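Pasting run.txt here (compact mmCIF, N, CA and C atoms and all ligand atoms):
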```
# COMPACT_ATOMS: atom_id res chain seq x y z
N MET A 1 20.59 -15.56 -1.44
CA MET A 1 19.69 -14.51 -1.91
C MET A 1 18.29 -14.73 -1.31
N LYS A 2 17.70 -13.65 -0.83
CA LYS A 2 16.39 -13.74 -0.18
C LYS A 2 15.29 -13.93 -1.22
N GLU A 3 14.44 -14.92 -0.98
CA GLU A 3 13.31 -15.15 -1.87
C GLU A 3 12.12 -14.32 -1.42
N THR A 4 11.47 -13.65 -2.35
CA THR A 4 10.31 -12.84 -2.01
C THR A 4 9.05 -13.66 -2.16
N ASN A 5 8.19 -13.59 -1.16
CA ASN A 5 6.89 -14.27 -1.23
C ASN A 5 5.85 -13.31 -1.77
N TYR A 6 5.02 -13.82 -2.65
CA TYR A 6 3.93 -13.01 -3.21
C TYR A 6 2.60 -13.72 -2.97
N LYS A 7 1.56 -12.93 -2.87
CA LYS A 7 0.21 -13.47 -2.73
C LYS A 7 -0.65 -12.91 -3.85
N LYS A 8 -1.42 -13.78 -4.47
CA LYS A 8 -2.34 -13.34 -5.52
C LYS A 8 -3.53 -12.65 -4.86
N ILE A 9 -3.86 -11.44 -5.32
CA ILE A 9 -4.96 -10.72 -4.67
C ILE A 9 -6.19 -10.55 -5.56
N CYS A 10 -5.99 -10.45 -6.88
CA CYS A 10 -7.15 -10.24 -7.77
C CYS A 10 -6.66 -10.25 -9.21
N LYS A 11 -7.59 -9.95 -10.11
CA LYS A 11 -7.22 -9.76 -11.52
C LYS A 11 -7.03 -8.25 -11.75
N VAL A 12 -6.26 -7.91 -12.75
CA VAL A 12 -6.04 -6.49 -13.07
C VAL A 12 -7.38 -5.81 -13.31
N SER A 13 -8.28 -6.48 -14.00
CA SER A 13 -9.57 -5.88 -14.35
C SER A 13 -10.47 -5.67 -13.12
N ASP A 14 -10.11 -6.23 -11.96
CA ASP A 14 -10.88 -6.01 -10.73
C ASP A 14 -10.55 -4.66 -10.10
N LEU A 15 -9.50 -4.00 -10.58
CA LEU A 15 -9.05 -2.74 -9.97
C LEU A 15 -9.53 -1.56 -10.80
N PRO A 16 -10.39 -0.72 -10.23
CA PRO A 16 -10.84 0.46 -10.98
C PRO A 16 -9.69 1.45 -11.14
N ASN A 17 -9.68 2.18 -12.24
CA ASN A 17 -8.60 3.12 -12.48
C ASN A 17 -8.62 4.27 -11.48
N ARG A 18 -7.48 4.51 -10.82
CA ARG A 18 -7.27 5.64 -9.90
C ARG A 18 -8.14 5.59 -8.64
N ARG A 19 -8.68 4.44 -8.30
CA ARG A 19 -9.44 4.29 -7.05
C ARG A 19 -8.80 3.17 -6.25
N GLY A 20 -8.79 3.32 -4.93
CA GLY A 20 -8.14 2.32 -4.10
C GLY A 20 -9.04 1.15 -3.77
N LYS A 21 -8.40 0.02 -3.50
CA LYS A 21 -9.12 -1.16 -3.06
C LYS A 21 -8.32 -1.81 -1.93
N LYS A 22 -9.03 -2.28 -0.92
CA LYS A 22 -8.36 -2.85 0.25
C LYS A 22 -8.27 -4.37 0.13
N PHE A 23 -7.10 -4.91 0.52
CA PHE A 23 -6.91 -6.36 0.56
C PHE A 23 -6.19 -6.72 1.84
N THR A 24 -6.48 -7.89 2.36
CA THR A 24 -5.75 -8.42 3.50
C THR A 24 -4.78 -9.47 2.95
N ILE A 25 -3.49 -9.25 3.13
CA ILE A 25 -2.52 -10.18 2.56
C ILE A 25 -1.86 -11.06 3.61
N ALA A 26 -2.05 -10.73 4.87
CA ALA A 26 -1.53 -11.56 5.96
C ALA A 26 -2.27 -11.13 7.22
N GLU A 27 -2.12 -11.92 8.26
CA GLU A 27 -2.77 -11.56 9.52
C GLU A 27 -2.26 -10.18 9.93
N ASP A 28 -3.18 -9.27 10.20
CA ASP A 28 -2.84 -7.90 10.61
C ASP A 28 -2.12 -7.11 9.52
N THR A 29 -2.26 -7.46 8.27
CA THR A 29 -1.65 -6.68 7.19
C THR A 29 -2.67 -6.39 6.11
N ASP A 30 -3.22 -5.19 6.16
CA ASP A 30 -4.13 -4.73 5.12
C ASP A 30 -3.38 -3.75 4.23
N ILE A 31 -3.60 -3.88 2.94
CA ILE A 31 -2.94 -2.98 2.00
C ILE A 31 -3.99 -2.26 1.15
N ALA A 32 -3.60 -1.11 0.61
CA ALA A 32 -4.41 -0.37 -0.35
C ALA A 32 -3.74 -0.53 -1.70
N VAL A 33 -4.51 -0.94 -2.70
CA VAL A 33 -3.97 -1.16 -4.03
C VAL A 33 -4.65 -0.19 -4.99
N PHE A 34 -3.82 0.52 -5.75
CA PHE A 34 -4.32 1.50 -6.72
C PHE A 34 -3.79 1.13 -8.09
N ARG A 35 -4.66 1.14 -9.09
CA ARG A 35 -4.23 0.99 -10.48
C ARG A 35 -4.31 2.36 -11.12
N VAL A 36 -3.21 2.76 -11.76
CA VAL A 36 -3.18 4.02 -12.50
C VAL A 36 -2.78 3.64 -13.93
N ALA A 37 -3.77 3.58 -14.80
CA ALA A 37 -3.58 3.08 -16.17
C ALA A 37 -3.01 1.68 -16.10
N GLU A 38 -1.78 1.47 -16.59
CA GLU A 38 -1.21 0.12 -16.63
C GLU A 38 -0.38 -0.22 -15.40
N LYS A 39 -0.17 0.76 -14.52
CA LYS A 39 0.71 0.56 -13.37
C LYS A 39 -0.12 0.30 -12.12
N ILE A 40 0.38 -0.57 -11.26
CA ILE A 40 -0.32 -0.90 -10.02
C ILE A 40 0.60 -0.66 -8.84
N TYR A 41 0.08 0.00 -7.81
CA TYR A 41 0.84 0.34 -6.61
C TYR A 41 0.16 -0.27 -5.39
N ALA A 42 0.97 -0.71 -4.43
CA ALA A 42 0.43 -1.25 -3.19
C ALA A 42 1.15 -0.61 -2.01
N VAL A 43 0.36 -0.09 -1.08
CA VAL A 43 0.91 0.53 0.13
C VAL A 43 0.11 0.03 1.33
N SER A 44 0.65 0.24 2.51
CA SER A 44 -0.10 -0.11 3.71
C SER A 44 -1.43 0.63 3.72
N ASN A 45 -2.46 -0.02 4.20
CA ASN A 45 -3.77 0.65 4.27
C ASN A 45 -3.94 1.43 5.57
N VAL A 46 -2.96 1.37 6.44
CA VAL A 46 -3.09 1.97 7.78
C VAL A 46 -2.34 3.30 7.82
N CYS A 47 -3.09 4.38 8.04
CA CYS A 47 -2.49 5.70 8.13
C CYS A 47 -1.66 5.80 9.41
N PRO A 48 -0.40 6.23 9.31
CA PRO A 48 0.44 6.30 10.50
C PRO A 48 0.04 7.41 11.47
N HIS A 49 -0.81 8.34 11.03
CA HIS A 49 -1.22 9.41 11.93
C HIS A 49 -2.07 8.88 13.08
N ASN A 50 -3.08 8.09 12.74
CA ASN A 50 -4.03 7.65 13.77
C ASN A 50 -4.31 6.16 13.71
N GLN A 51 -3.45 5.44 12.98
CA GLN A 51 -3.62 3.98 12.79
C GLN A 51 -4.99 3.64 12.19
N SER A 52 -5.50 4.52 11.37
CA SER A 52 -6.80 4.29 10.73
C SER A 52 -6.62 3.46 9.46
N ASN A 53 -7.46 2.44 9.31
CA ASN A 53 -7.33 1.49 8.20
C ASN A 53 -8.18 1.97 7.02
N VAL A 54 -7.75 3.08 6.39
CA VAL A 54 -8.63 3.79 5.43
C VAL A 54 -7.94 4.32 4.17
N ILE A 55 -6.68 4.04 3.99
CA ILE A 55 -5.96 4.66 2.86
C ILE A 55 -6.62 4.30 1.52
N ASN A 56 -7.25 3.14 1.42
CA ASN A 56 -7.91 2.75 0.17
C ASN A 56 -9.03 3.70 -0.22
N GLU A 57 -9.55 4.46 0.75
CA GLU A 57 -10.62 5.42 0.46
C GLU A 57 -10.09 6.82 0.17
N GLY A 58 -8.77 6.96 0.11
CA GLY A 58 -8.16 8.26 -0.06
C GLY A 58 -8.25 8.79 -1.48
N TYR A 59 -8.12 10.12 -1.58
CA TYR A 59 -8.13 10.79 -2.88
C TYR A 59 -6.73 10.76 -3.48
N LEU A 60 -6.66 10.43 -4.76
CA LEU A 60 -5.37 10.32 -5.45
C LEU A 60 -5.19 11.53 -6.36
N ASP A 61 -4.05 12.25 -6.18
CA ASP A 61 -3.82 13.42 -7.05
C ASP A 61 -2.98 13.05 -8.27
N GLU A 62 -2.71 14.03 -9.12
CA GLU A 62 -2.00 13.77 -10.38
C GLU A 62 -0.56 13.33 -10.16
N ALA A 63 0.03 13.75 -9.04
CA ALA A 63 1.43 13.39 -8.74
C ALA A 63 1.53 12.04 -8.03
N LEU A 64 0.41 11.34 -7.95
CA LEU A 64 0.34 10.02 -7.31
C LEU A 64 0.58 10.06 -5.81
N TYR A 65 0.09 11.13 -5.19
CA TYR A 65 0.02 11.17 -3.73
C TYR A 65 -1.42 10.86 -3.34
N VAL A 66 -1.58 9.94 -2.38
CA VAL A 66 -2.91 9.62 -1.90
C VAL A 66 -3.12 10.36 -0.58
N ALA A 67 -4.27 11.00 -0.44
CA ALA A 67 -4.59 11.75 0.78
C ALA A 67 -5.47 10.89 1.68
N CYS A 68 -5.06 10.72 2.91
CA CYS A 68 -5.87 10.00 3.89
C CYS A 68 -7.22 10.71 4.01
N PRO A 69 -8.33 9.98 3.96
CA PRO A 69 -9.64 10.64 3.98
C PRO A 69 -10.01 11.23 5.34
N ILE A 70 -9.23 10.95 6.38
CA ILE A 70 -9.63 11.45 7.70
C ILE A 70 -9.08 12.86 7.96
N HIS A 71 -7.77 13.05 7.86
CA HIS A 71 -7.21 14.39 8.10
C HIS A 71 -6.38 14.91 6.92
N GLY A 72 -6.28 14.14 5.86
CA GLY A 72 -5.65 14.65 4.65
C GLY A 72 -4.15 14.50 4.52
N TRP A 73 -3.49 13.79 5.44
CA TRP A 73 -2.06 13.58 5.23
C TRP A 73 -1.88 12.88 3.90
N GLN A 74 -0.81 13.26 3.18
CA GLN A 74 -0.58 12.69 1.85
C GLN A 74 0.65 11.80 1.85
N PHE A 75 0.58 10.75 1.04
CA PHE A 75 1.68 9.79 0.92
C PHE A 75 1.85 9.41 -0.54
N SER A 76 3.10 9.30 -0.97
CA SER A 76 3.39 8.89 -2.34
C SER A 76 3.10 7.40 -2.52
N LEU A 77 2.40 7.06 -3.60
CA LEU A 77 2.19 5.64 -3.89
C LEU A 77 3.49 4.97 -4.28
N LYS A 78 4.45 5.76 -4.79
CA LYS A 78 5.72 5.17 -5.24
C LYS A 78 6.67 4.89 -4.09
N THR A 79 6.73 5.81 -3.13
CA THR A 79 7.74 5.68 -2.06
C THR A 79 7.14 5.52 -0.67
N GLY A 80 5.88 5.85 -0.50
CA GLY A 80 5.24 5.83 0.81
C GLY A 80 5.52 7.09 1.62
N LYS A 81 6.35 7.99 1.08
CA LYS A 81 6.76 9.18 1.83
C LYS A 81 5.77 10.33 1.66
N VAL A 82 5.83 11.28 2.60
CA VAL A 82 5.01 12.48 2.51
C VAL A 82 5.64 13.41 1.47
N PRO A 83 4.89 14.41 0.97
CA PRO A 83 5.46 15.34 -0.02
C PRO A 83 6.63 16.12 0.56
N PRO A 84 7.55 16.57 -0.31
CA PRO A 84 8.75 17.28 0.16
C PRO A 84 8.43 18.53 0.98
N GLU A 85 7.30 19.17 0.70
CA GLU A 85 6.97 20.40 1.44
C GLU A 85 6.58 20.12 2.90
N CYS A 86 6.37 18.87 3.25
CA CYS A 86 6.01 18.50 4.63
C CYS A 86 7.28 18.20 5.44
N LYS A 87 8.17 19.17 5.48
CA LYS A 87 9.43 19.00 6.19
C LYS A 87 9.16 18.70 7.67
N GLY A 88 9.93 17.79 8.22
CA GLY A 88 9.81 17.48 9.63
C GLY A 88 8.82 16.38 9.93
N LEU A 89 8.03 15.98 8.93
CA LEU A 89 7.07 14.89 9.14
C LEU A 89 7.70 13.61 8.59
N SER A 90 8.00 12.69 9.48
CA SER A 90 8.74 11.50 9.04
C SER A 90 7.82 10.29 8.83
N ALA A 91 6.51 10.49 8.94
CA ALA A 91 5.58 9.37 8.76
C ALA A 91 5.66 8.83 7.33
N THR A 92 5.59 7.53 7.18
CA THR A 92 5.57 6.90 5.86
C THR A 92 4.61 5.72 5.87
N LEU A 93 4.18 5.37 4.67
CA LEU A 93 3.43 4.12 4.49
C LEU A 93 4.39 3.08 3.97
N ASP A 94 4.27 1.85 4.42
CA ASP A 94 5.04 0.77 3.82
C ASP A 94 4.59 0.60 2.37
N THR A 95 5.53 0.30 1.50
CA THR A 95 5.19 0.00 0.11
C THR A 95 5.47 -1.48 -0.15
N TYR A 96 4.76 -2.03 -1.11
CA TYR A 96 4.86 -3.46 -1.42
C TYR A 96 5.11 -3.64 -2.91
N GLU A 97 6.00 -4.56 -3.23
CA GLU A 97 6.24 -4.87 -4.64
C GLU A 97 5.00 -5.53 -5.23
N VAL A 98 4.75 -5.21 -6.50
CA VAL A 98 3.61 -5.78 -7.22
C VAL A 98 4.13 -6.41 -8.50
N LYS A 99 3.61 -7.58 -8.84
CA LYS A 99 3.90 -8.14 -10.16
C LYS A 99 2.60 -8.64 -10.78
N ILE A 100 2.58 -8.61 -12.10
CA ILE A 100 1.39 -9.05 -12.84
C ILE A 100 1.78 -10.24 -13.69
N GLU A 101 1.01 -11.32 -13.54
CA GLU A 101 1.24 -12.52 -14.35
C GLU A 101 -0.09 -13.01 -14.87
N ASN A 102 -0.22 -13.08 -16.17
CA ASN A 102 -1.44 -13.59 -16.80
C ASN A 102 -2.69 -12.85 -16.28
N ASP A 103 -2.61 -11.55 -16.21
CA ASP A 103 -3.73 -10.70 -15.76
C ASP A 103 -4.04 -10.86 -14.27
N GLU A 104 -3.19 -11.56 -13.53
CA GLU A 104 -3.37 -11.69 -12.08
C GLU A 104 -2.39 -10.77 -11.36
N VAL A 105 -2.87 -10.15 -10.30
CA VAL A 105 -2.04 -9.22 -9.53
C VAL A 105 -1.51 -9.94 -8.30
N TRP A 106 -0.19 -9.92 -8.14
CA TRP A 106 0.48 -10.56 -7.02
C TRP A 106 1.20 -9.47 -6.22
N VAL A 107 1.09 -9.55 -4.89
CA VAL A 107 1.70 -8.55 -4.02
C VAL A 107 2.66 -9.22 -3.05
N GLU A 108 3.77 -8.55 -2.85
CA GLU A 108 4.79 -9.03 -1.92
C GLU A 108 4.20 -9.18 -0.50
N VAL A 109 4.50 -10.28 0.14
CA VAL A 109 4.12 -10.48 1.54
C VAL A 109 5.41 -10.41 2.35
N LYS A 110 5.49 -9.38 3.19
CA LYS A 110 6.71 -9.18 3.97
C LYS A 110 6.67 -10.01 5.23
N GLU A 111 7.84 -10.49 5.61
CA GLU A 111 7.94 -11.22 6.87
C GLU A 111 7.79 -10.23 8.01
N LYS A 112 6.99 -10.59 8.98
CA LYS A 112 6.81 -9.70 10.13
C LYS A 112 8.06 -9.69 10.98
N LYS A 113 8.39 -8.50 11.47
CA LYS A 113 9.50 -8.42 12.41
C LYS A 113 9.01 -8.93 13.76
N LYS A 114 9.80 -9.76 14.36
CA LYS A 114 9.40 -10.30 15.66
C LYS A 114 9.59 -9.23 16.73
N LYS A 115 8.60 -9.16 17.62
CA LYS A 115 8.71 -8.24 18.74
C LYS A 115 9.01 -9.05 19.99
N TRP A 116 9.96 -8.61 20.73
CA TRP A 116 10.34 -9.32 21.95
C TRP A 116 10.00 -8.44 23.15
N PHE A 117 9.35 -9.03 24.09
CA PHE A 117 9.01 -8.30 25.32
C PHE A 117 9.68 -8.99 26.49
N PHE A 118 10.37 -8.22 27.29
CA PHE A 118 11.03 -8.80 28.47
C PHE A 118 10.50 -8.11 29.72
S1 LIG B 201 -5.82 9.46 10.36
FE1 LIG B 201 -4.88 9.76 8.42
S2 LIG B 201 -4.32 11.82 8.44
FE2 LIG B 201 -5.21 11.53 10.38
```

What is this structure when it is put down as structure tokens?
Amino acid sequence: MKETNYKKICKVSDLPNRRGKKFTIAEDTDIAVFRVAEKIYAVSNVCPHNQSNVINEGYLDEALYVACPIHGWQFSLKTGKVPPECKGLSATLDTYEVKIENDEVWVEVKEKKKKWFF
């Protein structure tokens, strides 16, 4: 069974309600973390449209879609996918598991896929 690695990023009280915050959890891995009441979501901070590292500054709607502040593409905090009405757009944000222990927020650190160049 695969063991999941987690990294402690902050305390729950460090996260403002419904506003994003950026964290670096590994080399070249920035995430956007949003707290919505008691639930915490973590997604890649890099918008797949233009590789802009800005999702933490995005606007969050009631359905928990965050809009990239540059051109407005929307992504679900739950799945990383675009809204169903955006047919044909396959861009997604990576999502990360979050756990809370003793008021500390821990986020999954994914193993990087190795790239081979020949
Ligand atoms: S850079 Fe995010 S929508 Fe264009």

Dig up all the protein and nucleic acid residues within 9 Å of (3.3, -16.1, -1.4) in the file frame, using only C-alpha atoms, and format them as a list in words.
-> Thr4, Asn5, Tyr6, Lys7, Lys8, Trp106, Val107, Glu108 and Val109 of chain A

Would you output that residue set with N, CA and C atoms, as a compact mmCIF listing (two decimals), in the coordinates of the input?
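And here's out-v5.txt as it stands now:
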```txt
# COMPACT_ATOMS: atom_id res chain seq x y z
N THR A 4 11.47 -13.65 -2.35
CA THR A 4 10.31 -12.84 -2.01
C THR A 4 9.05 -13.66 -2.16
N ASN A 5 8.19 -13.59 -1.16
CA ASN A 5 6.89 -14.27 -1.23
C ASN A 5 5.85 -13.31 -1.77
N TYR A 6 5.02 -13.82 -2.65
CA TYR A 6 3.93 -13.01 -3.21
C TYR A 6 2.60 -13.72 -2.97
N LYS A 7 1.56 -12.93 -2.87
CA LYS A 7 0.21 -13.47 -2.73
C LYS A 7 -0.65 -12.91 -3.85
N LYS A 8 -1.42 -13.78 -4.47
CA LYS A 8 -2.34 -13.34 -5.52
C LYS A 8 -3.53 -12.65 -4.86
N TRP A 106 -0.19 -9.92 -8.14
CA TRP A 106 0.48 -10.56 -7.02
C TRP A 106 1.20 -9.47 -6.22
N VAL A 107 1.09 -9.55 -4.89
CA VAL A 107 1.70 -8.55 -4.02
C VAL A 107 2.66 -9.22 -3.05
N GLU A 108 3.77 -8.55 -2.85
CA GLU A 108 4.79 -9.03 -1.92
C GLU A 108 4.20 -9.18 -0.50
N VAL A 109 4.50 -10.28 0.14
CA VAL A 109 4.12 -10.48 1.54
C VAL A 109 5.41 -10.41 2.35
```

Show which residues sit within 8 Å of region 60-75 of chain A, as a JSON list (two decimals) with N, CA and C atoms, in the coordinates of the input. Count only N, CA and C atoms, and ignore same-chain residues fewer than 5 positions away.
```json
[["chain", "number", "residue", "atom", "x", "y", "z"],
["A", 18, "ARG", "N", -7.48, 4.51, -10.82],
["A", 18, "ARG", "CA", -7.27, 5.64, -9.90],
["A", 18, "ARG", "C", -8.14, 5.59, -8.64],
["A", 19, "ARG", "N", -8.68, 4.44, -8.30],
["A", 19, "ARG", "CA", -9.44, 4.29, -7.05],
["A", 19, "ARG", "C", -8.80, 3.17, -6.25],
["A", 20, "GLY", "N", -8.79, 3.32, -4.93],
["A", 20, "GLY", "CA", -8.14, 2.32, -4.10],
["A", 20, "GLY", "C", -9.04, 1.15, -3.77],
["A", 47, "CYS", "N", -3.09, 4.38, 8.04],
["A", 47, "CYS", "CA", -2.49, 5.70, 8.13],
["A", 47, "CYS", "C", -1.66, 5.80, 9.41],
["A", 49, "HIS", "N", -0.81, 8.34, 11.03],
["A", 49, "HIS", "CA", -1.22, 9.41, 11.93],
["A", 49, "HIS", "C", -2.07, 8.88, 13.08],
["A", 54, "VAL", "N", -7.75, 3.08, 6.39],
["A", 54, "VAL", "CA", -8.63, 3.79, 5.43],
["A", 54, "VAL", "C", -7.94, 4.32, 4.17],
["A", 55, "ILE", "N", -6.68, 4.04, 3.99],
["A", 55, "ILE", "CA", -5.96, 4.66, 2.86],
["A", 55, "ILE", "C", -6.62, 4.30, 1.52],
["A", 80, "GLY", "N", 5.88, 5.85, -0.50],
["A", 80, "GLY", "CA", 5.24, 5.83, 0.81],
["A", 80, "GLY", "C", 5.52, 7.09, 1.62],
["A", 81, "LYS", "N", 6.35, 7.99, 1.08],
["A", 81, "LYS", "CA", 6.76, 9.18, 1.83],
["A", 81, "LYS", "C", 5.77, 10.33, 1.66],
["A", 82, "VAL", "N", 5.83, 11.28, 2.60],
["A", 82, "VAL", "CA", 5.01, 12.48, 2.51],
["A", 82, "VAL", "C", 5.64, 13.41, 1.47],
["A", 83, "PRO", "N", 4.89, 14.41, 0.97],
["A", 83, "PRO", "CA", 5.46, 15.34, -0.02],
["A", 83, "PRO", "C", 6.63, 16.12, 0.56],
["A", 91, "ALA", "N", 6.51, 10.49, 8.94],
["A", 91, "ALA", "CA", 5.58, 9.37, 8.76],
["A", 91, "ALA", "C", 5.66, 8.83, 7.33],
["A", 92, "THR", "N", 5.59, 7.53, 7.18],
["A", 92, "THR", "CA", 5.57, 6.90, 5.86],
["A", 92, "THR", "C", 4.61, 5.72, 5.87],
["A", 93, "LEU", "N", 4.18, 5.37, 4.67],
["A", 93, "LEU", "CA", 3.43, 4.12, 4.49],
["A", 93, "LEU", "C", 4.39, 3.08, 3.97]]
```

Please measure the separation of CA of Pro84 (chain A) and CA of Ala37 (chain A), giving the value in Å to one decimal.
->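 These two atoms are separated by 24.9 Å.
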
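Distance-wise, atom N of Ser52 (chain A) and atom C of Asp30 (chain A) end up 11.1 Å apart.
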
Around ligand LIG 201 (chain B), fit a box with edges along x, y and z, padding it by 3 Å on each side, then list its centre and edge lengths in Å to one decimal as AutoDock Vina command-line options.
```
--center_x -5.1 --center_y 10.6 --center_z 9.4 --size_x 7.5 --size_y 8.4 --size_z 8.0
```

Which residue of A:Thr79, A:Val105, A:Thr95, A:Ser44 approaches ligand LIG 201 (chain B) most closely, using only C-alpha atoms and all ligand atoms =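 Selected residue with least distance to ligand LIG 201 (chain B): A:Ser44.
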